[in-house]
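Structure file upload.pdb (PDB, C-alpha atoms and all ligand atoms) is printed below.
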```pdb
ATOM      1  CA  MET A   1      11.206  58.990  16.012
ATOM      2  CA  GLU A   2      13.771  56.433  14.824
ATOM      3  CA  LYS A   3      12.948  54.830  11.444
ATOM      4  CA  ARG A   4      11.593  51.290  11.871
ATOM      5  CA  LYS A   5      13.892  48.565  10.546
ATOM      6  CA  LEU A   6      11.645  47.525   7.627
ATOM      7  CA  GLU A   7       9.890  50.870   7.007
ATOM      8  CA  GLY A   8       8.714  51.308   3.406
ATOM      9  CA  GLN A   9       9.348  47.668   2.510
ATOM     10  CA  VAL A  10       6.941  44.984   1.289
ATOM     11  CA  ALA A  11       7.107  41.385   2.492
ATOM     12  CA  ILE A  12       5.452  38.253   1.139
ATOM     13  CA  ILE A  13       5.169  35.597   3.860
ATOM     14  CA  THR A  14       4.049  32.242   2.473
ATOM     15  CA  GLY A  15       1.843  30.035   4.634
ATOM     16  CA  SER A  16       1.166  32.845   7.102
ATOM     17  CA  SER A  17      -2.393  32.118   8.205
ATOM     18  CA  SER A  18      -0.978  30.116  11.150
ATOM     19  CA  GLY A  19       2.095  29.269  13.205
ATOM     20  CA  ILE A  20       5.531  30.650  12.408
ATOM     21  CA  GLY A  21       4.323  32.395   9.232
ATOM     22  CA  ALA A  22       1.631  34.317  11.121
ATOM     23  CA  GLY A  23       4.242  35.283  13.731
ATOM     24  CA  CYS A  24       6.647  36.505  11.026
ATOM     25  CA  ALA A  25       3.868  38.496   9.321
ATOM     26  CA  LYS A  26       2.978  40.295  12.579
ATOM     27  CA  GLU A  27       6.570  40.962  13.619
ATOM     28  CA  MET A  28       7.597  42.232  10.159
ATOM     29  CA  ALA A  29       4.552  44.520  10.081
ATOM     30  CA  ARG A  30       5.558  45.894  13.515
ATOM     31  CA  ALA A  31       8.970  46.612  11.984
ATOM     32  CA  GLY A  32       7.247  48.695   9.287
ATOM     33  CA  ALA A  33       6.747  46.299   6.356
ATOM     34  CA  ALA A  34       3.500  45.990   4.413
ATOM     35  CA  VAL A  35       2.706  42.287   4.413
ATOM     36  CA  ILE A  36       1.073  39.791   2.061
ATOM     37  CA  VAL A  37      -0.475  37.111   4.300
ATOM     38  CA  ASN A  38      -0.455  34.085   1.996
ATOM     39  CA  TYR A  39      -2.701  31.055   2.497
ATOM     40  CA  PRO A  40      -3.198  28.012   0.225
ATOM     41  CA  VAL A  41      -6.842  26.907   0.387
ATOM     42  CA  PRO A  42     -10.279  28.501   0.971
ATOM     43  CA  GLN A  43     -10.503  26.809   4.404
ATOM     44  CA  ALA A  44      -7.559  28.943   5.594
ATOM     45  CA  GLN A  45      -9.011  32.232   4.304
ATOM     46  CA  ALA A  46     -10.694  33.317   7.552
ATOM     47  CA  MET A  47      -7.509  32.691   9.556
ATOM     48  CA  ALA A  48      -5.384  34.627   7.042
ATOM     49  CA  GLU A  49      -7.856  37.518   7.073
ATOM     50  CA  GLN A  50      -7.717  37.540  10.880
ATOM     51  CA  VAL A  51      -3.905  37.793  10.790
ATOM     52  CA  ALA A  52      -4.210  40.700   8.317
ATOM     53  CA  ALA A  53      -6.907  42.345  10.481
ATOM     54  CA  ASP A  54      -4.696  42.054  13.600
ATOM     55  CA  ILE A  55      -1.864  43.759  11.700
ATOM     56  CA  ILE A  56      -4.138  46.550  10.426
ATOM     57  CA  ALA A  57      -5.518  47.029  13.964
ATOM     58  CA  GLU A  58      -1.966  47.822  15.093
ATOM     59  CA  GLY A  59      -1.819  50.581  12.443
ATOM     60  CA  ASN A  60       0.213  48.639   9.877
ATOM     61  CA  LYS A  61      -0.465  47.319   6.364
ATOM     62  CA  ALA A  62      -1.471  43.784   5.355
ATOM     63  CA  VAL A  63      -3.629  41.904   2.890
ATOM     64  CA  ALA A  64      -4.517  38.213   2.718
ATOM     65  CA  TYR A  65      -3.888  36.409  -0.591
ATOM     66  CA  LYS A  66      -4.643  32.838  -1.670
ATOM     67  CA  CYS A  67      -1.899  30.972  -3.535
ATOM     68  CA  ASP A  68      -0.688  27.386  -3.504
ATOM     69  CA  VAL A  69       3.103  27.803  -3.584
ATOM     70  CA  SER A  70       3.550  24.524  -5.446
ATOM     71  CA  LYS A  71       1.667  25.938  -8.485
ATOM     72  CA  GLU A  72       3.774  28.033 -10.858
ATOM     73  CA  ASP A  73       0.942  30.163 -12.291
ATOM     74  CA  GLU A  74      -0.404  30.962  -8.805
ATOM     75  CA  VAL A  75       3.025  32.004  -7.535
ATOM     76  CA  ILE A  76       3.594  34.317 -10.510
ATOM     77  CA  ALA A  77       0.140  35.834  -9.915
ATOM     78  CA  MET A  78       0.893  36.379  -6.197
ATOM     79  CA  PHE A  79       4.046  38.390  -6.882
ATOM     80  CA  LYS A  80       2.199  40.462  -9.499
ATOM     81  CA  PHE A  81      -0.577  41.079  -6.959
ATOM     82  CA  ALA A  82       1.978  42.240  -4.371
ATOM     83  CA  GLU A  83       3.549  44.682  -6.841
ATOM     84  CA  ASP A  84       0.131  45.989  -7.934
ATOM     85  CA  GLN A  85      -1.065  46.309  -4.341
ATOM     86  CA  PHE A  86       1.994  47.856  -2.683
ATOM     87  CA  GLY A  87       4.230  48.926  -5.600
ATOM     88  CA  ARG A  88       7.256  46.772  -4.779
ATOM     89  CA  VAL A  89       8.522  43.572  -3.142
ATOM     90  CA  ASP A  90      11.580  43.652  -0.836
ATOM     91  CA  ILE A  91      11.291  40.536   1.321
ATOM     92  CA  LEU A  92      10.182  36.950   0.791
ATOM     93  CA  VAL A  93       9.762  34.590   3.721
ATOM     94  CA  ASN A  94       9.610  31.148   2.142
ATOM     95  CA  ASN A  95       7.724  29.637   5.058
ATOM     96  CA  ALA A  96       4.944  27.369   3.699
ATOM     97  CA  GLY A  97       5.585  23.756   4.617
ATOM     98  CA  LEU A  98       3.944  20.531   5.677
ATOM     99  CA  GLN A  99       4.549  16.915   6.676
ATOM    100  CA  LYS A 100       3.130  13.616   5.371
ATOM    101  CA  ASP A 101       4.873  11.096   7.580
ATOM    102  CA  ALA A 102       5.333   7.398   6.816
ATOM    103  CA  LYS A 103       7.838   4.634   7.304
ATOM    104  CA  PHE A 104      10.090   4.752   4.265
ATOM    105  CA  THR A 105       9.020   1.370   2.859
ATOM    106  CA  GLU A 106       5.379   2.401   3.203
ATOM    107  CA  MET A 107       5.736   5.905   1.831
ATOM    108  CA  THR A 108       3.663   6.421  -1.309
ATOM    109  CA  LEU A 109       4.896   8.426  -4.281
ATOM    110  CA  ASP A 110       2.022  10.845  -3.616
ATOM    111  CA  GLN A 111       3.262  11.454  -0.053
ATOM    112  CA  TRP A 112       6.797  12.004  -1.336
ATOM    113  CA  ASN A 113       5.745  14.326  -4.193
ATOM    114  CA  PHE A 114       3.309  16.304  -2.045
ATOM    115  CA  VAL A 115       5.930  17.237   0.561
ATOM    116  CA  ILE A 116       8.703  17.920  -1.962
ATOM    117  CA  GLY A 117       6.212  19.901  -4.092
ATOM    118  CA  VAL A 118       5.304  22.336  -1.302
ATOM    119  CA  ASN A 119       8.462  22.406   0.851
ATOM    120  CA  LEU A 120      11.109  22.455  -1.896
ATOM    121  CA  THR A 121       9.521  23.229  -5.287
ATOM    122  CA  GLY A 122       7.333  25.863  -3.601
ATOM    123  CA  GLN A 123      10.435  27.586  -2.214
ATOM    124  CA  PHE A 124      12.084  27.394  -5.659
ATOM    125  CA  LEU A 125       9.093  28.969  -7.428
ATOM    126  CA  CYS A 126       8.722  31.800  -4.894
ATOM    127  CA  ALA A 127      12.462  32.528  -4.700
ATOM    128  CA  ARG A 128      12.730  32.646  -8.500
ATOM    129  CA  GLU A 129       9.888  35.152  -8.769
ATOM    130  CA  ALA A 130      11.276  37.256  -5.911
ATOM    131  CA  ILE A 131      14.768  37.397  -7.440
ATOM    132  CA  ARG A 132      13.365  38.409 -10.830
ATOM    133  CA  ILE A 133      11.635  41.361  -9.155
ATOM    134  CA  PHE A 134      14.666  42.260  -6.989
ATOM    135  CA  MET A 135      16.902  42.283 -10.095
ATOM    136  CA  LYS A 136      14.545  44.657 -11.910
ATOM    137  CA  LYS A 137      14.338  46.994  -8.923
ATOM    138  CA  GLY A 138      17.971  46.976  -7.778
ATOM    139  CA  VAL A 139      19.114  48.911  -4.708
ATOM    140  CA  ASP A 140      16.983  52.047  -4.376
ATOM    141  CA  GLY A 141      17.846  53.288  -0.906
ATOM    142  CA  VAL A 142      14.879  51.799   0.963
ATOM    143  CA  SER A 143      17.197  49.000   2.077
ATOM    144  CA  LYS A 144      20.922  48.391   1.581
ATOM    145  CA  ALA A 145      19.999  45.260  -0.421
ATOM    146  CA  ALA A 146      18.006  44.859  -3.624
ATOM    147  CA  GLY A 147      16.018  42.152  -1.831
ATOM    148  CA  LYS A 148      16.068  39.591   0.953
ATOM    149  CA  ILE A 149      14.857  36.001   1.089
ATOM    150  CA  ILE A 150      14.476  33.946   4.250
ATOM    151  CA  CYS A 151      13.924  30.243   3.686
ATOM    152  CA  MET A 152      12.194  28.442   6.558
ATOM    153  CA  SER A 153      14.230  25.292   6.836
ATOM    154  CA  SER A 154      14.420  23.051   9.926
ATOM    155  CA  VAL A 155      16.947  21.384  12.193
ATOM    156  CA  HIS A 156      16.168  18.464   9.855
ATOM    157  CA  GLU A 157      18.336  20.080   7.185
ATOM    158  CA  VAL A 158      21.108  18.430   9.241
ATOM    159  CA  ILE A 159      19.429  15.959  11.650
ATOM    160  CA  PRO A 160      18.218  12.761   9.952
ATOM    161  CA  TRP A 161      14.594  11.929  10.888
ATOM    162  CA  ALA A 162      13.321   8.351  10.679
ATOM    163  CA  GLY A 163       9.762   8.162   9.399
ATOM    164  CA  HIS A 164      10.055  11.571   7.708
ATOM    165  CA  ALA A 165      12.337  10.955   4.697
ATOM    166  CA  ASN A 166      10.293  13.236   2.426
ATOM    167  CA  TYR A 167      10.389  16.120   4.939
ATOM    168  CA  ALA A 168      14.094  15.753   5.780
ATOM    169  CA  ALA A 169      14.952  15.517   2.065
ATOM    170  CA  SER A 170      12.945  18.683   1.371
ATOM    171  CA  LYS A 171      14.766  20.644   4.089
ATOM    172  CA  GLY A 172      18.186  19.292   3.093
ATOM    173  CA  GLY A 173      17.304  20.424  -0.429
ATOM    174  CA  VAL A 174      16.312  23.873   0.812
ATOM    175  CA  MET A 175      19.721  24.225   2.460
ATOM    176  CA  LEU A 176      21.703  23.747  -0.754
ATOM    177  CA  MET A 177      19.208  25.643  -2.907
ATOM    178  CA  MET A 178      19.521  28.572  -0.485
ATOM    179  CA  LYS A 179      23.341  28.491  -0.478
ATOM    180  CA  THR A 180      23.520  28.107  -4.262
ATOM    181  CA  ILE A 181      21.234  31.023  -5.058
ATOM    182  CA  ALA A 182      22.914  33.146  -2.364
ATOM    183  CA  GLN A 183      26.220  32.557  -4.156
ATOM    184  CA  GLU A 184      24.605  33.285  -7.541
ATOM    185  CA  TYR A 185      22.877  36.554  -6.557
ATOM    186  CA  ALA A 186      25.056  38.069  -3.807
ATOM    187  CA  PRO A 187      26.860  40.129  -6.502
ATOM    188  CA  HIS A 188      23.454  41.712  -7.246
ATOM    189  CA  ARG A 189      23.050  42.734  -3.589
ATOM    190  CA  ILE A 190      20.413  40.098  -2.888
ATOM    191  CA  ARG A 191      20.690  38.382   0.490
ATOM    192  CA  ILE A 192      19.363  34.858   0.940
ATOM    193  CA  ASN A 193      19.501  33.006   4.259
ATOM    194  CA  SER A 194      17.632  30.283   6.111
ATOM    195  CA  ILE A 195      16.213  29.906   9.566
ATOM    196  CA  ALA A 196      16.285  26.374  10.975
ATOM    197  CA  PRO A 197      13.740  26.185  13.781
ATOM    198  CA  GLY A 198      13.961  23.399  16.338
ATOM    199  CA  ALA A 199      10.699  22.513  18.080
ATOM    200  CA  ILE A 200       8.340  25.493  17.965
ATOM    201  CA  ALA A 201       4.826  25.153  19.387
ATOM    202  CA  THR A 202       2.596  25.359  16.284
ATOM    203  CA  PRO A 203      -0.141  23.243  14.652
ATOM    204  CA  ILE A 204       2.426  21.260  12.554
ATOM    205  CA  ASN A 205       3.840  19.409  15.604
ATOM    206  CA  LYS A 206       0.944  19.640  18.093
ATOM    207  CA  ASP A 207       1.110  15.940  18.958
ATOM    208  CA  ALA A 208       4.709  16.436  20.189
ATOM    209  CA  TRP A 209       3.732  18.968  22.900
ATOM    210  CA  ASP A 210      -0.022  18.667  23.520
ATOM    211  CA  THR A 211       0.269  16.487  26.650
ATOM    212  CA  ALA A 212       2.641  16.760  29.634
ATOM    213  CA  GLU A 213       4.089  13.359  28.760
ATOM    214  CA  HIS A 214       4.772  14.236  25.114
ATOM    215  CA  LEU A 215       6.303  17.548  26.147
ATOM    216  CA  GLN A 216       8.559  15.808  28.683
ATOM    217  CA  GLN A 217       9.862  13.490  25.941
ATOM    218  CA  LEU A 218      10.422  16.424  23.600
ATOM    219  CA  LEU A 219      12.334  18.462  26.208
ATOM    220  CA  LYS A 220      14.959  15.695  26.395
ATOM    221  CA  LEU A 221      15.989  16.843  22.905
ATOM    222  CA  ILE A 222      16.253  20.524  23.840
ATOM    223  CA  PRO A 223      19.185  21.689  26.008
ATOM    224  CA  GLU A 224      17.359  24.941  26.917
ATOM    225  CA  LYS A 225      14.513  22.782  28.322
ATOM    226  CA  ARG A 226      11.711  24.820  26.806
ATOM    227  CA  ILE A 227       9.745  24.535  23.596
ATOM    228  CA  GLY A 228      10.246  27.449  21.191
ATOM    229  CA  GLN A 229       7.584  30.065  20.504
ATOM    230  CA  VAL A 230       6.776  31.624  17.124
ATOM    231  CA  GLU A 231       8.196  34.946  18.376
ATOM    232  CA  ASP A 232      11.627  33.302  18.759
ATOM    233  CA  VAL A 233      11.620  32.637  15.016
ATOM    234  CA  ALA A 234       9.799  35.816  13.959
ATOM    235  CA  LYS A 235      12.337  38.090  15.694
ATOM    236  CA  ALA A 236      15.187  36.252  13.943
ATOM    237  CA  ALA A 237      13.380  36.706  10.618
ATOM    238  CA  VAL A 238      13.069  40.479  11.149
ATOM    239  CA  PHE A 239      16.786  40.647  11.980
ATOM    240  CA  LEU A 240      17.784  38.687   8.853
ATOM    241  CA  ALA A 241      15.531  40.888   6.679
ATOM    242  CA  SER A 242      16.889  44.131   8.131
ATOM    243  CA  ASP A 243      20.024  46.090   7.261
ATOM    244  CA  ASP A 244      21.459  44.944  10.624
ATOM    245  CA  ALA A 245      22.150  41.653   8.798
ATOM    246  CA  ASP A 246      23.596  43.321   5.680
ATOM    247  CA  TYR A 247      26.780  41.214   5.685
ATOM    248  CA  ILE A 248      24.965  37.916   6.329
ATOM    249  CA  ASN A 249      24.392  35.907   3.167
ATOM    250  CA  GLY A 250      23.997  32.197   2.448
ATOM    251  CA  THR A 251      23.870  31.012   6.030
ATOM    252  CA  THR A 252      21.431  29.091   8.208
ATOM    253  CA  LEU A 253      20.530  30.594  11.564
ATOM    254  CA  PHE A 254      19.527  27.796  13.951
ATOM    255  CA  VAL A 255      16.748  28.895  16.314
ATOM    256  CA  ASP A 256      16.505  25.660  18.256
ATOM    257  CA  GLY A 257      17.361  26.091  21.952
ATOM    258  CA  GLY A 258      20.441  23.971  21.278
ATOM    259  CA  MET A 259      18.682  20.998  19.655
ATOM    260  CA  THR A 260      21.561  20.557  17.202
ATOM    261  CA  LEU A 261      24.109  20.289  20.059
ATOM    262  CA  TYR A 262      23.832  16.483  20.450
ATOM    263  CA  PRO A 263      21.882  16.678  23.768
ATOM    264  CA  GLY A 264      22.397  12.911  24.245
ATOM    265  CA  PHE A 265      25.974  13.787  25.281
ATOM    266  CA  GLU A 266      24.798  16.248  27.988
ATOM    267  CA  ASP A 267      25.696  13.806  30.793
ATOM    268  CA  ASN A 268      28.904  12.461  29.228
ATOM    269  CA  GLY A 269      27.140  10.253  26.629
TER
HETATM  270  P1  LIG B   1       1.881  25.431  10.348
HETATM  271  O1  LIG B   1       1.242  24.173   9.917
HETATM  272  O2  LIG B   1       1.163  26.320  11.306
HETATM  273  O3  LIG B   1       2.276  26.346   9.107
HETATM  274  C1  LIG B   1       2.467  25.882   7.804
HETATM  275  C2  LIG B   1       1.710  26.794   6.891
HETATM  276  O4  LIG B   1       1.965  26.445   5.530
HETATM  277  C3  LIG B   1       0.199  26.709   7.111
HETATM  278  O5  LIG B   1      -0.301  28.017   7.313
HETATM  279  C4  LIG B   1      -0.316  26.126   5.802
HETATM  280  O6  LIG B   1      -1.599  26.604   5.436
HETATM  281  C5  LIG B   1       0.754  26.599   4.829
HETATM  282  N1  LIG B   1       0.795  25.813   3.594
HETATM  283  C6  LIG B   1       0.761  24.455   3.445
HETATM  284  N2  LIG B   1       0.778  24.131   2.148
HETATM  285  C7  LIG B   1       0.842  25.293   1.453
HETATM  286  C8  LIG B   1       0.879  25.617   0.066
HETATM  287  N3  LIG B   1       0.859  24.651  -0.877
HETATM  288  N4  LIG B   1       0.927  26.924  -0.288
HETATM  289  C9  LIG B   1       0.936  27.905   0.657
HETATM  290  N5  LIG B   1       0.888  27.658   1.971
HETATM  291  C10 LIG B   1       0.847  26.361   2.363
HETATM  292  O7  LIG B   1       3.302  24.999  10.937
HETATM  293  P2  LIG B   1       4.598  25.886  11.266
HETATM  294  O8  LIG B   1       5.306  25.172  12.330
HETATM  295  O9  LIG B   1       4.261  27.313  11.471
HETATM  296  O10 LIG B   1       5.446  25.694   9.925
HETATM  297  C11 LIG B   1       6.013  26.765   9.210
HETATM  298  C12 LIG B   1       7.344  26.351   8.604
HETATM  299  O11 LIG B   1       8.274  26.113   9.657
HETATM  300  C13 LIG B   1       7.295  25.058   7.769
HETATM  301  O12 LIG B   1       8.105  25.208   6.619
HETATM  302  C14 LIG B   1       7.896  24.021   8.704
HETATM  303  O13 LIG B   1       8.506  22.971   8.008
HETATM  304  C15 LIG B   1       8.916  24.887   9.437
HETATM  305  N6  LIG B   1       9.356  24.315  10.718
HETATM  306  C16 LIG B   1       8.518  24.249  11.787
HETATM  307  C17 LIG B   1       8.984  23.713  12.983
HETATM  308  C18 LIG B   1       8.147  23.637  14.222
HETATM  309  O14 LIG B   1       8.623  23.071  15.225
HETATM  310  N7  LIG B   1       6.931  24.143  14.253
HETATM  311  C19 LIG B   1      10.292  23.252  13.074
HETATM  312  C20 LIG B   1      11.112  23.313  11.958
HETATM  313  C21 LIG B   1      10.631  23.858  10.787
END
```

Please rewrite the model in this file as structure tokens.
Amino acid sequence: MEKRKLEGQVAIITGSSSGIGAGCAKEMARAGAAVIVNYPVPQAQAMAEQVAADIIAEGNKAVAYKCDVSKEDEVIAMFKFAEDQFGRVDILVNNAGLQKDAKFTEMTLDQWNFVIGVNLTGQFLCAREAIRIFMKKGVDGVSKAAGKIICMSSVHEVIPWAGHANYAASKGGVMLMMKTIAQEYAPHRIRINSIAPGAIATPINKDAWDTAEHLQQLLKLIPEKRIGQVEDVAKAAVFLASDDADYINGTTLFVDGGMTLYPGFEDNG
């Protein structure tokens, strides 16, 4: 039988009790990785354990682990747990993210700090820990790279978004953090890329697709005229983590059905 693309590797997927993270966890496990299904709060524990149970039921390896990615000590503990549990870490999917929307003049400092703290500082803390481990391990033949990081960005790393300044700033920040650390660590055979999803049907944006009317409005922004599914993103994540993407470093892969193609110009503007 052909070796699976992520066989023998260990992946930490942050925020993977739901949505895109859960999809990435399942798809990476199918590709052979042992997976840490991270969740932030006790209320998400049952969902994370269900994701892990689904993975184990398919004959693969997973364990749920609680960690708030915006807390330095918890992030350090999560990476130590992953090494203790599975002996190594090869892949980080920096997926945890949230929104706290407000008109800019009404946005509180708490709303700003909360979103930046999880979406940007959380990605910094996890990437730093991952790179420390990748540097210690080096290339050992399990993969062509010493380690791979996939940052879950958004089309809003390039599309401005009124009413969401904190979120757009966090994703714009992720873009240049990703490119900077890719430049810094490519010589060590560490690959760091982003995925920028467009509109994917998950809990984060439910009010944009939960009624026929909302969906109709949303589809005007999507040239492919369908909302994305978590599998669209998860399959791209497996590709970027695999040796098939060995020469891809420091880039953002847009998985958006064409949302970044200025759909307003579809009928000649
Ligand atoms: P989601 O709400 O289902 O997933 C977000 C996950 O992050 C949840 O599981 C949540 O528990 C977790 N999380 C929140 N705070 C955390 C913390 N402090 N520590 C650890 N985990 C935490 O929504 P989703 O759509 O699956 O979002 C996943 C990622 O994709 C986010 O970064 C989001 O910005 C990005 N994204 C989503 C879309 C979309 O259309 N759904 C589009 C662009 C980008």

Any chance you could work out the residue set of the PyMOL selection byres (((chain A and resi 243) around 8) and not hetatm) here, as a list in words?
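With the PyMOL selection byres (((chain A and resi 243) around 8) and not hetatm) on this model, the match is Lys5, Ser143, Lys144, Ala145, Phe239, Leu240, Ala241, Ser242, Asp244, Ala245 and Asp246 of chain A.
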
Please identify every polymer residue within 8 Å of ligand LIG 1 (chain B), using only C-alpha atoms and all ligand atoms, and present the set as JSON, numbers by chain.
{"A": [14, 15, 16, 17, 18, 19, 20, 21, 22, 38, 39, 40, 41, 44, 66, 67, 68, 69, 70, 71, 94, 95, 96, 97, 98, 99, 117, 118, 119, 122, 152, 153, 154, 155, 156, 167, 171, 196, 197, 198, 199, 200, 201, 202, 203, 204, 205, 228, 230]}

With distances taken over only C-alpha atoms, which of A:Met47, A:Val255, A:Ile131, A:Ala64 is nearest to A:Ala234?
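Smallest distance to A:Ala234 is found for A:Val255.
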
Using all atoms listed in the file, determine which residues lie at most 12 Å from A:Ala25, disregarding the query and same-chain residues fewer than 4 positions distant; provide the list as a PyMOL selection string.
chain A and resi 10-21+29-38+48-56+60-64+91-95+230-231+233-235+237-238

Go through A:Arg88, A:Pro160, A:Val142, A:Phe124 and flag the residue nearest A:Arg4, using all atoms listed in the file for the distances.
A:Val142

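The nearest approach to A:Glu58 among the residues A:Ala102, A:Gly147, A:Lys26, A:Ala165, with only C-alpha atoms taken into account, belongs to A:Lys26.
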
Selection dump of the PyMOL selection byres (((chain A and resi 217-220) around 12) and not hetatm), as a PDB file with C-alpha atoms, in the frame of the given file:
```pdb
ATOM      1  CA  GLY A 198      13.961  23.399  16.338  1.00  0.00           C
ATOM      2  CA  ALA A 199      10.699  22.513  18.080  1.00  0.00           C
ATOM      3  CA  ILE A 200       8.340  25.493  17.965  1.00  0.00           C
ATOM      4  CA  ALA A 201       4.826  25.153  19.387  1.00  0.00           C
ATOM      5  CA  ASN A 205       3.840  19.409  15.604  1.00  0.00           C
ATOM      6  CA  LYS A 206       0.944  19.640  18.093  1.00  0.00           C
ATOM      7  CA  ASP A 207       1.110  15.940  18.958  1.00  0.00           C
ATOM      8  CA  ALA A 208       4.709  16.436  20.189  1.00  0.00           C
ATOM      9  CA  TRP A 209       3.732  18.968  22.900  1.00  0.00           C
ATOM     10  CA  ASP A 210      -0.022  18.667  23.520  1.00  0.00           C
ATOM     11  CA  THR A 211       0.269  16.487  26.650  1.00  0.00           C
ATOM     12  CA  ALA A 212       2.641  16.760  29.634  1.00  0.00           C
ATOM     13  CA  GLU A 213       4.089  13.359  28.760  1.00  0.00           C
ATOM     14  CA  HIS A 214       4.772  14.236  25.114  1.00  0.00           C
ATOM     15  CA  LEU A 215       6.303  17.548  26.147  1.00  0.00           C
ATOM     16  CA  GLN A 216       8.559  15.808  28.683  1.00  0.00           C
ATOM     17  CA  LEU A 221      15.989  16.843  22.905  1.00  0.00           C
ATOM     18  CA  ILE A 222      16.253  20.524  23.840  1.00  0.00           C
ATOM     19  CA  PRO A 223      19.185  21.689  26.008  1.00  0.00           C
ATOM     20  CA  GLU A 224      17.359  24.941  26.917  1.00  0.00           C
ATOM     21  CA  LYS A 225      14.513  22.782  28.322  1.00  0.00           C
ATOM     22  CA  ARG A 226      11.711  24.820  26.806  1.00  0.00           C
ATOM     23  CA  ILE A 227       9.745  24.535  23.596  1.00  0.00           C
ATOM     24  CA  GLY A 228      10.246  27.449  21.191  1.00  0.00           C
ATOM     25  CA  ASP A 256      16.505  25.660  18.256  1.00  0.00           C
ATOM     26  CA  GLY A 257      17.361  26.091  21.952  1.00  0.00           C
ATOM     27  CA  GLY A 258      20.441  23.971  21.278  1.00  0.00           C
ATOM     28  CA  MET A 259      18.682  20.998  19.655  1.00  0.00           C
ATOM     29  CA  TYR A 262      23.832  16.483  20.450  1.00  0.00           C
ATOM     30  CA  PRO A 263      21.882  16.678  23.768  1.00  0.00           C
ATOM     31  CA  GLY A 264      22.397  12.911  24.245  1.00  0.00           C
ATOM     32  CA  PHE A 265      25.974  13.787  25.281  1.00  0.00           C
ATOM     33  CA  GLU A 266      24.798  16.248  27.988  1.00  0.00           C
ATOM     34  CA  ASP A 267      25.696  13.806  30.793  1.00  0.00           C
TER      35      ASP A 267
END
```

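The space between atom CA of A:Thr252 and atom CA of A:Thr180 spans 12.7 Å.
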
What does the PyMOL selection byres (((chain A and resi 129) around 10) and not hetatm) select in this file, as a list of chain:residue names?
A:Glu72, A:Val75, A:Ile76, A:Ala77, A:Met78, A:Phe79, A:Lys80, A:Leu92, A:Phe124, A:Leu125, A:Cys126, A:Ala127, A:Arg128, A:Ala130, A:Ile131, A:Arg132, A:Ile133, A:Phe134

Let me have the centre and edge lengths of the axis-aligned box enclosing all listed atoms of stretch 50-56 of chain A with 3 Å padding on every side, in Å to one decimal, as JSON.
```
{"center_x": -4.8, "center_y": 42.0, "center_z": 11.0, "size_x": 11.9, "size_y": 15.0, "size_z": 11.3}
```

Atom CA of A:Glu74 to atom CA of A:Val115: how many Å, to one decimal?
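The value is 17.8 Å.
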
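Atom CA of A:Phe114 lies 20.4 Å from atom CA of A:Met178.
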
From the options A:Asn166, A:Leu120, A:Leu261, A:Gln229, which residue's atoms come nearest to A:Cys24, counting all atoms listed in the file?
A:Gln229

Would you kindly return, as an NGL selection string, each protein, DNA or RNA residue with an atom no farther than 8 Å from any atom of A:Gly173, considering all atoms listed in the file and excluding same-chain residues fewer than 3 positions away?
:A and (120 or 157 or 169-170 or 176-177)

Please save C-alpha atoms of the selected residues as a short mmCIF file (atom, residue, chain, number, x, y, z; two decimals), in the coordinates of the input.
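The file below, out_17.cif, is the result:
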```
data_model
loop_
_atom_site.label_atom_id
_atom_site.label_comp_id
_atom_site.auth_asym_id
_atom_site.auth_seq_id
_atom_site.Cartn_x
_atom_site.Cartn_y
_atom_site.Cartn_z
CA LEU A 120 11.11 22.46 -1.90
CA GLU A 157 18.34 20.08 7.18
CA ALA A 169 14.95 15.52 2.06
CA SER A 170 12.94 18.68 1.37
CA LEU A 176 21.70 23.75 -0.75
CA MET A 177 19.21 25.64 -2.91
#
```

Which is closest to A:Trp112 among A:Asp84, A:Lys100, A:Ile181, A:Leu253, if we use all atoms listed in the file?
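Nearest to A:Trp112: A:Lys100.
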
Need the neighbours of (20.8, 32.1, 1.9): which residues are at most 10 Å away, counting all atoms listed in the file, as number ranges by chain?
A: 148-151, 174-183, 185-186, 190-195, 248-253

Could stretch 46-53 of chain A be completed with N, CA and C atoms and written as a short mmCIF file (atom, residue, chain, number, x, y, z; two decimals), in the frame of the given file, please?
```cif
data_model
loop_
_atom_site.label_atom_id
_atom_site.label_comp_id
_atom_site.auth_asym_id
_atom_site.auth_seq_id
_atom_site.Cartn_x
_atom_site.Cartn_y
_atom_site.Cartn_z
N ALA A 46 -10.27 32.54 6.38
CA ALA A 46 -10.69 33.32 7.55
C ALA A 46 -9.51 33.55 8.49
N MET A 47 -8.67 32.53 8.67
CA MET A 47 -7.51 32.69 9.56
C MET A 47 -6.54 33.72 8.99
N ALA A 48 -6.30 33.66 7.67
CA ALA A 48 -5.38 34.63 7.04
C ALA A 48 -5.94 36.04 7.18
N GLU A 49 -7.26 36.18 6.97
CA GLU A 49 -7.86 37.52 7.07
C GLU A 49 -7.78 38.04 8.51
N GLN A 50 -7.85 37.13 9.48
CA GLN A 50 -7.72 37.54 10.88
C GLN A 50 -6.30 38.05 11.16
N VAL A 51 -5.30 37.34 10.62
CA VAL A 51 -3.90 37.79 10.79
C VAL A 51 -3.74 39.19 10.19
N ALA A 52 -4.29 39.38 8.97
CA ALA A 52 -4.21 40.70 8.32
C ALA A 52 -4.95 41.75 9.14
N ALA A 53 -6.12 41.39 9.68
CA ALA A 53 -6.91 42.34 10.48
C ALA A 53 -6.15 42.73 11.76
#
```
